[in-house]
$ cat query04.cif   # mmCIF, C-alpha atoms
data_input
loop_
_atom_site.label_atom_id
_atom_site.label_comp_id
_atom_site.auth_asym_id
_atom_site.auth_seq_id
_atom_site.Cartn_x
_atom_site.Cartn_y
_atom_site.Cartn_z
CA MET A 1 121.84 132.25 104.78
CA SER A 2 121.75 128.48 105.12
CA PRO A 3 118.81 126.60 103.58
CA SER A 4 115.97 125.57 105.88
CA VAL A 5 115.66 122.07 107.24
CA GLU A 6 112.58 121.55 105.04
CA ALA A 7 114.41 122.70 101.92
CA ARG A 8 117.36 120.43 102.67
CA ALA A 9 114.98 117.51 103.20
CA GLN A 10 113.22 118.14 99.91
CA SER A 11 116.50 118.38 98.01
CA ALA A 12 118.05 115.32 99.64
CA PRO A 13 118.76 112.47 97.21
CA ALA A 14 116.09 109.77 97.11
CA PRO A 15 117.05 106.57 98.91
CA ALA A 16 117.76 103.60 96.69
CA ILE A 17 115.61 100.48 96.70
CA ASP A 18 117.13 97.05 96.23
CA PRO A 19 115.37 94.33 94.16
CA GLN A 20 114.33 92.29 97.19
CA THR A 21 112.73 95.26 98.95
CA PHE A 22 110.96 96.37 95.78
CA ALA A 23 109.59 92.84 95.39
CA ARG A 24 108.27 92.98 98.98
CA LEU A 25 106.55 96.30 98.33
CA ALA A 26 105.15 95.10 95.02
CA ARG A 27 103.76 91.97 96.65
CA LEU A 28 102.12 93.98 99.43
CA VAL A 29 100.59 96.46 96.96
CA HIS A 30 99.23 93.59 94.87
CA ASP A 31 97.74 91.86 97.92
CA GLU A 32 96.13 95.08 99.13
CA SER A 33 94.86 96.52 95.86
CA GLY A 34 95.41 94.11 92.96
CA ILE A 35 97.74 96.65 91.32
CA VAL A 36 100.75 95.09 89.59
CA LEU A 37 104.05 96.92 90.03
CA SER A 38 106.47 95.64 87.41
CA ASP A 39 110.19 96.38 87.57
CA SER A 40 109.62 99.21 85.10
CA LYS A 41 107.68 101.04 87.85
CA LYS A 42 110.60 101.02 90.29
CA SER A 43 111.64 104.61 89.63
CA LEU A 44 108.02 105.77 89.97
CA VAL A 45 107.72 104.03 93.34
CA VAL A 46 110.97 105.57 94.59
CA SER A 47 109.91 109.02 93.41
CA ARG A 48 106.49 108.88 95.03
CA LEU A 49 107.58 107.31 98.33
CA SER A 50 110.83 109.17 99.02
CA ARG A 51 109.09 112.23 100.45
CA ARG A 52 106.89 109.96 102.55
CA LEU A 53 109.97 108.32 104.07
CA ARG A 54 111.38 111.75 104.93
CA THR A 55 108.06 112.79 106.49
CA LEU A 56 108.06 109.67 108.68
CA GLY A 57 111.75 110.01 109.53
CA ILE A 58 112.51 106.59 108.03
CA ALA A 59 115.99 106.26 106.55
CA ASP A 60 115.49 103.59 103.92
CA PHE A 61 113.00 101.34 102.13
CA PRO A 62 113.73 98.14 104.12
CA ASN A 63 112.66 99.95 107.30
CA TYR A 64 109.60 101.32 105.53
CA CYS A 65 108.74 97.75 104.47
CA GLN A 66 108.93 96.64 108.08
CA LEU A 67 106.40 99.35 108.99
CA VAL A 68 103.86 98.57 106.27
CA GLU A 69 104.14 94.82 106.86
CA SER A 70 103.65 95.14 110.62
CA ASN A 71 100.42 94.74 112.58
CA ASP A 72 100.53 98.47 113.30
CA GLY A 73 100.99 99.39 109.64
CA ALA A 74 97.38 99.32 108.42
CA GLU A 75 97.09 103.10 108.05
CA GLU A 76 100.45 103.33 106.35
CA ARG A 77 99.51 100.52 103.94
CA ARG A 78 96.48 102.63 103.00
CA GLU A 79 98.73 105.68 102.52
CA LEU A 80 101.10 103.59 100.38
CA ILE A 81 98.29 102.62 98.02
CA PHE A 82 97.17 106.24 97.77
CA LEU A 83 100.70 107.34 96.88
CA ILE A 84 101.31 104.84 94.10
CA THR A 85 97.82 105.16 92.57
CA THR A 86 97.61 107.22 89.40
CA ASN A 87 94.67 109.66 89.35
CA VAL A 88 94.39 111.06 85.83
CA THR A 89 90.95 112.34 84.95
CA ARG A 90 89.01 115.22 83.45
CA PHE A 91 85.42 116.09 82.66
CA PHE A 92 83.96 114.11 79.75
CA ARG A 93 87.15 112.14 79.22
CA GLU A 94 86.65 109.76 76.28
CA ASP A 95 83.65 111.81 75.24
CA HIS A 96 82.25 109.10 72.93
CA HIS A 97 81.11 107.30 76.09
CA PHE A 98 79.05 110.27 77.21
CA GLU A 99 77.63 110.72 73.73
CA ALA A 100 76.50 107.07 73.85
CA LEU A 101 75.08 107.64 77.33
CA ARG A 102 73.16 110.68 76.11
CA THR A 103 71.83 109.33 72.81
CA GLU A 104 71.61 105.55 73.29
CA VAL A 105 71.15 104.91 76.99
CA MET A 106 69.35 107.87 78.53
CA PRO A 107 66.19 108.02 76.36
CA ALA A 108 64.82 104.71 77.64
CA LEU A 109 66.05 105.37 81.18
CA ALA A 110 64.42 108.81 81.18
CA ASP A 111 61.11 107.22 80.17
CA ARG A 112 61.47 104.77 83.03
CA ALA A 113 62.25 107.57 85.49
CA ARG A 114 59.25 109.64 84.32
CA ASN A 115 57.06 106.69 85.23
CA GLY A 116 58.57 106.42 88.71
CA GLY A 117 61.16 103.78 87.87
CA ARG A 118 64.60 103.35 89.39
CA VAL A 119 67.81 104.18 87.47
CA ARG A 120 71.30 103.52 88.82
CA PHE A 121 74.81 104.27 87.57
CA TRP A 122 78.18 103.37 89.10
CA SER A 123 81.47 105.17 88.58
CA ALA A 124 83.96 102.54 89.77
CA GLY A 125 87.27 104.33 90.13
CA CYS A 126 85.84 107.84 90.30
CA SER A 127 89.12 109.59 91.20
CA SER A 128 88.44 113.23 92.15
CA GLY A 129 84.87 113.21 90.84
CA GLU A 130 85.05 114.44 87.26
CA GLU A 131 83.65 111.17 85.88
CA PRO A 132 80.54 110.85 88.09
CA TYR A 133 79.78 114.55 87.68
CA SER A 134 80.07 114.08 83.92
CA ILE A 135 77.54 111.24 84.18
CA ALA A 136 75.21 113.42 86.23
CA ILE A 137 75.50 116.37 83.86
CA THR A 138 74.85 114.12 80.86
CA ALA A 139 71.74 112.74 82.54
CA LEU A 140 70.54 116.26 83.41
CA GLU A 141 71.13 117.51 79.88
CA ALA A 142 69.13 114.60 78.48
CA PHE A 143 66.45 114.70 81.19
CA PRO A 144 66.32 118.00 83.15
CA LYS A 145 64.22 116.45 85.94
CA ALA A 146 66.81 113.72 86.58
CA ALA A 147 67.73 115.03 90.03
CA GLN A 148 64.07 115.03 91.13
CA SER A 149 63.60 111.46 89.86
CA ASP A 150 64.92 108.16 91.19
CA ILE A 151 68.18 108.47 89.25
CA ARG A 152 71.26 108.04 91.38
CA ILE A 153 74.99 107.61 90.82
CA LEU A 154 77.36 105.69 93.08
CA ALA A 155 80.94 107.00 92.88
CA THR A 156 83.67 104.89 94.51
CA ASP A 157 87.44 104.94 94.63
CA LEU A 158 90.23 103.20 96.50
CA ASP A 159 91.83 106.53 97.41
CA GLY A 160 89.99 108.25 100.25
CA ASN A 161 91.64 111.57 99.42
CA MET A 162 90.13 111.45 95.93
CA VAL A 163 86.72 110.54 97.35
CA GLU A 164 86.84 113.62 99.59
CA ALA A 165 87.83 115.79 96.62
CA GLY A 166 84.85 114.45 94.71
CA ARG A 167 82.51 115.23 97.60
CA ARG A 168 83.78 118.82 97.66
CA GLY A 169 83.14 119.15 93.93
CA ILE A 170 85.36 122.21 93.49
CA TYR A 171 87.59 122.46 90.42
CA ALA A 172 90.06 125.06 89.20
CA GLU A 173 90.95 126.07 85.66
CA LEU A 174 88.18 124.17 83.91
CA ASP A 175 89.30 123.38 80.38
CA GLU A 176 86.74 124.83 77.97
CA ALA A 177 87.94 122.42 75.28
CA HIS A 178 86.32 119.61 77.28
CA LEU A 179 83.79 121.63 79.26
CA PRO A 180 81.85 124.00 76.98
CA ALA A 181 80.94 127.37 78.45
CA ALA A 182 77.22 126.56 78.22
CA ILE A 183 77.67 123.40 80.30
CA ARG A 184 79.75 125.28 82.84
CA SER A 185 77.17 128.04 83.17
CA ARG A 186 74.35 125.54 83.79
CA HIS A 187 76.09 123.16 86.18
CA PHE A 188 78.86 125.13 87.93
CA GLN A 189 79.13 128.33 89.92
CA PRO A 190 82.20 130.40 90.84
CA VAL A 191 83.66 129.87 94.29
CA PRO A 192 83.64 133.32 95.96
CA ASP A 193 86.91 133.02 97.86
CA ARG A 194 88.85 131.08 95.20
CA PRO A 195 89.47 133.00 91.96
CA GLY A 196 89.28 130.71 88.94
CA ALA A 197 87.61 127.86 90.87
CA PHE A 198 84.13 126.52 90.18
CA ALA A 199 81.84 124.35 92.29
CA VAL A 200 79.37 121.81 90.92
CA THR A 201 75.83 123.04 91.53
CA GLY A 202 73.09 121.31 93.51
CA PRO A 203 71.26 119.07 91.01
CA ALA A 204 74.38 117.22 89.86
CA ARG A 205 75.63 116.95 93.47
CA ASP A 206 72.30 115.62 94.69
CA MET A 207 72.46 112.66 92.31
CA ILE A 208 75.80 111.30 93.53
CA THR A 209 76.89 109.33 96.59
CA PHE A 210 80.66 109.14 97.08
CA ALA A 211 82.22 106.24 98.98
CA GLU A 212 85.61 104.65 99.49
CA LEU A 213 85.79 101.12 98.07
CA ASN A 214 88.53 98.61 97.28
CA LEU A 215 87.33 96.69 94.22
CA LEU A 216 89.11 93.56 95.44
CA HIS A 217 87.09 93.46 98.65
CA ASP A 218 83.40 92.86 99.31
CA TRP A 219 80.92 95.11 97.52
CA PRO A 220 78.07 96.20 99.82
CA MET A 221 75.80 97.33 96.96
CA LYS A 222 73.47 94.83 95.32
CA GLY A 223 72.56 96.62 92.09
CA PRO A 224 71.36 96.24 89.50
CA PHE A 225 73.07 99.08 87.66
CA ASP A 226 71.96 100.39 84.30
CA ALA A 227 75.50 101.50 83.45
CA ILE A 228 78.89 100.98 85.06
CA PHE A 229 81.90 103.14 84.22
CA CYS A 230 85.18 101.45 85.10
CA ARG A 231 87.72 103.10 82.87
CA ASN A 232 91.51 102.90 83.00
CA VAL A 233 91.34 101.02 86.29
CA VAL A 234 91.69 97.29 85.61
CA ILE A 235 94.62 97.93 83.29
CA TYR A 236 96.74 98.05 86.47
CA PHE A 237 95.67 94.54 87.51
CA ASP A 238 96.89 91.14 86.37
CA ALA A 239 94.81 89.13 83.88
CA GLN A 240 93.24 86.88 86.51
CA THR A 241 92.11 89.82 88.63
CA GLN A 242 90.76 91.60 85.55
CA GLN A 243 88.62 88.63 84.58
CA LYS A 244 87.23 88.30 88.09
CA LEU A 245 86.25 91.96 88.09
CA TRP A 246 84.59 91.76 84.67
CA THR A 247 82.52 88.86 85.97
CA ARG A 248 81.53 90.76 89.11
CA PHE A 249 80.56 93.82 87.08
CA ALA A 250 78.46 91.70 84.73
CA ALA A 251 76.60 90.20 87.70
CA LEU A 252 75.60 93.68 88.90
CA LEU A 253 74.45 94.98 85.52
CA ALA A 254 70.77 94.92 84.66
CA PRO A 255 69.83 93.12 81.43
CA GLY A 256 70.70 95.55 78.65
CA GLY A 257 72.97 97.51 80.99
CA ARG A 258 76.18 99.04 79.68
CA LEU A 259 79.77 98.66 80.83
CA PHE A 260 82.14 101.44 79.77
CA VAL A 261 85.88 100.62 79.96
CA GLY A 262 89.14 102.42 79.22
CA HIS A 263 90.67 102.85 75.80
CA SER A 264 93.29 100.15 76.45
CA GLU A 265 90.95 97.68 78.16
CA ARG A 266 88.96 94.75 76.80
CA VAL A 267 86.55 92.36 78.53
CA THR A 268 88.03 88.85 78.57
CA GLY A 269 87.31 85.57 80.32
CA PRO A 270 83.90 84.21 81.37
CA ALA A 271 82.27 87.66 81.38
CA ALA A 272 82.74 87.93 77.62
CA ALA A 273 79.84 85.46 77.21
CA GLN A 274 77.53 87.94 78.99
CA LEU A 275 78.84 91.25 77.68
CA ALA A 276 78.63 91.94 73.95
CA PRO A 277 80.59 94.81 72.36
CA SER A 278 78.22 97.69 71.64
CA GLY A 279 80.55 100.49 70.59
CA ILE A 280 84.04 101.81 71.20
CA THR A 281 85.19 100.31 74.53
CA GLN A 282 81.65 99.68 75.68
CA TYR A 283 79.68 96.51 76.27
CA ARG A 284 76.02 95.60 76.66
CA LYS A 285 74.79 92.82 78.90
CA HIS A 286 72.65 90.21 77.14
#
$ encode --input "query04.cif" --output "structure tokens"
Amino acid sequence: MSPSVEARAQSAPAPAIDPQTFARLARLVHDESGIVLSDSKKSLVVSRLSRRLRTLGIADFPNYCQLVESNDGAEERRELIFLITTNVTRFFREDHHFEALRTEVMPALADRARNGGRVRFWSAGCSSGEEPYSIAITALEAFPKAAQSDIRILATDLDGNMVEAGRRGIYAELDEAHLPAAIRSRHFQPVPDRPGAFAVTGPARDMITFAELNLLHDWPMKGPFDAIFCRNVVIYFDAQTQQKLWTRFAALLAPGGRLFVGHSERVTGPAAAQLAPSGITQYRKH
């Protein structure tokens, strides 16, 4: 029996990409998202986009470039960014940040909330939601009435598909090494029609607003935020873009607010005068 059309399409060799076309794509991705695609990422780009070309019935990368550069290519430019974006996350990733949030940040914020005060967190680059839910769970563990108080979390990401996954809040095969059974029993419930899947329960969900946001564009929120998590995001940007983002984050932090960054990231440029190191990959605004 001959293979199906779909099987043949999936097994077809990936089209090659010449240096000029890769440079065009890299320039467009940078202009749209700030992400830098060096030559070392060429094979990754080919791998992630080849299936998309087959889906669209486009024979090669030069023709795909014509589409994404055209006036009618806005939706496909968005899809391009989604496809080349790396979404690696898990609950309580870099757990020292959540320990600092629980022991150093939350006590004073909980006192404020008990007295009717406002508390705000931002997960900038929330991926599929594990990070903002980890923030919410940490807040609830430190202050059980957090969801009934004025404590809210903004969760944003460039990738609309990830934002929708975060809104759903359903996760399979939760790793007990990073999500203790006691935490899972308090903040998750089994999904009846999906064996092995768990849904985040109401209190943690109620604290979070998910939204699609390109960090290079205008930010509609005014802050101030008591803590901003932007981890393993700006590492994909060039130095100039990184420094601009650090400065914008600093402007939205409340005095004493914390900025949590990725393990390979450091605050540089003008923002370093406002943000003092306060722990492992975390900063406190003066």
$ closest_residue --input "query04.cif" --among "A:Arg90, A:Arg258, A:Arg205, A:Arg186" --to "Arg167 of chain A" --atoms "only C-alpha atoms"
A:Arg205
$ closest_residue --input "query04.cif" --among "A:Leu25, A:Leu53, A:Leu252, A:Val36" --to "Arg120 of chain A" --atoms "only C-alpha atoms"
A:Leu252
$ residues_around --input "query04.cif" --residues "Ile208 of chain A" --least-positions-apart "6" --cutoff "8 Å" --atoms "only C-alpha atoms" --output "VMD selection string"
chain A and resid 132 to 133 136 152 to 155
$ residues_around --input "query04.cif" --residues "Asp60 of chain A" --least-positions-apart "3" --cutoff "8 Å" --atoms "all atoms listed in the file" --output "ChimeraX atom specification"
/A:15-17,53,63-64
$ closest_residue --input "query04.cif" --among "A:Ile35, A:Leu67, A:Ala59, A:Cys230" --to "Glu131 of chain A" --atoms "only C-alpha atoms"
A:Cys230
$ build_atoms --input "query04.cif" --residues "segment 138-166 of chain A" --atoms "N, CA and C atoms" --output "short mmCIF file (atom, residue, chain, number, x, y, z; two decimals), in the coordinates of the input"
data_model
loop_
_atom_site.label_atom_id
_atom_site.label_comp_id
_atom_site.auth_asym_id
_atom_site.auth_seq_id
_atom_site.Cartn_x
_atom_site.Cartn_y
_atom_site.Cartn_z
N THR A 138 75.42 114.72 82.07
CA THR A 138 74.85 114.12 80.86
C THR A 138 73.40 113.72 81.09
N ALA A 139 73.12 113.13 82.23
CA ALA A 139 71.74 112.74 82.54
C ALA A 139 70.84 113.97 82.64
N LEU A 140 71.33 115.04 83.26
CA LEU A 140 70.54 116.26 83.41
C LEU A 140 70.30 116.95 82.07
N GLU A 141 71.30 116.91 81.20
CA GLU A 141 71.13 117.51 79.88
C GLU A 141 70.10 116.74 79.06
N ALA A 142 70.08 115.41 79.22
CA ALA A 142 69.13 114.60 78.48
C ALA A 142 67.74 114.61 79.11
N PHE A 143 67.71 114.77 80.44
CA PHE A 143 66.45 114.70 81.19
C PHE A 143 66.54 115.70 82.34
N PRO A 144 66.11 116.94 82.15
CA PRO A 144 66.32 118.00 83.15
C PRO A 144 65.77 117.69 84.54
N LYS A 145 64.79 116.79 84.63
CA LYS A 145 64.22 116.45 85.94
C LYS A 145 64.92 115.24 86.58
N ALA A 146 66.10 114.90 86.08
CA ALA A 146 66.81 113.72 86.58
C ALA A 146 67.03 113.77 88.08
N ALA A 147 67.43 114.93 88.61
CA ALA A 147 67.73 115.03 90.03
C ALA A 147 66.51 114.88 90.91
N GLN A 148 65.32 115.18 90.36
CA GLN A 148 64.07 115.03 91.13
C GLN A 148 63.47 113.64 90.95
N SER A 149 64.08 112.82 90.10
CA SER A 149 63.60 111.46 89.86
C SER A 149 64.47 110.47 90.61
N ASP A 150 64.14 109.20 90.49
CA ASP A 150 64.92 108.16 91.19
C ASP A 150 66.11 107.74 90.33
N ILE A 151 66.95 108.71 90.00
CA ILE A 151 68.18 108.47 89.25
C ILE A 151 69.34 108.81 90.16
N ARG A 152 70.17 107.83 90.44
CA ARG A 152 71.26 108.04 91.38
C ARG A 152 72.55 107.44 90.83
N ILE A 153 73.67 108.02 91.26
CA ILE A 153 74.99 107.61 90.82
C ILE A 153 75.84 107.27 92.04
N LEU A 154 76.40 106.08 92.05
CA LEU A 154 77.36 105.69 93.08
C LEU A 154 78.76 105.96 92.52
N ALA A 155 79.57 106.67 93.29
CA ALA A 155 80.94 107.00 92.88
C ALA A 155 81.90 106.45 93.93
N THR A 156 82.76 105.52 93.54
CA THR A 156 83.67 104.89 94.51
C THR A 156 85.11 104.97 94.01
N ASP A 157 86.03 104.97 94.97
CA ASP A 157 87.44 104.94 94.63
C ASP A 157 88.20 104.34 95.80
N LEU A 158 89.34 103.76 95.48
CA LEU A 158 90.23 103.20 96.50
C LEU A 158 90.85 104.29 97.36
N ASP A 159 91.10 105.44 96.76
CA ASP A 159 91.83 106.53 97.41
C ASP A 159 90.85 107.45 98.15
N GLY A 160 90.88 107.42 99.46
CA GLY A 160 89.99 108.25 100.25
C GLY A 160 90.18 109.74 100.03
N ASN A 161 91.41 110.16 99.70
CA ASN A 161 91.64 111.57 99.42
C ASN A 161 90.89 112.01 98.16
N MET A 162 90.86 111.14 97.15
CA MET A 162 90.13 111.45 95.93
C MET A 162 88.62 111.48 96.18
N VAL A 163 88.15 110.57 97.01
CA VAL A 163 86.72 110.54 97.35
C VAL A 163 86.31 111.86 98.01
N GLU A 164 87.14 112.34 98.92
CA GLU A 164 86.84 113.62 99.59
C GLU A 164 86.85 114.77 98.59
N ALA A 165 87.80 114.75 97.65
CA ALA A 165 87.83 115.79 96.62
C ALA A 165 86.56 115.76 95.78
N GLY A 166 86.09 114.56 95.46
CA GLY A 166 84.85 114.45 94.71
C GLY A 166 83.67 114.99 95.49
#
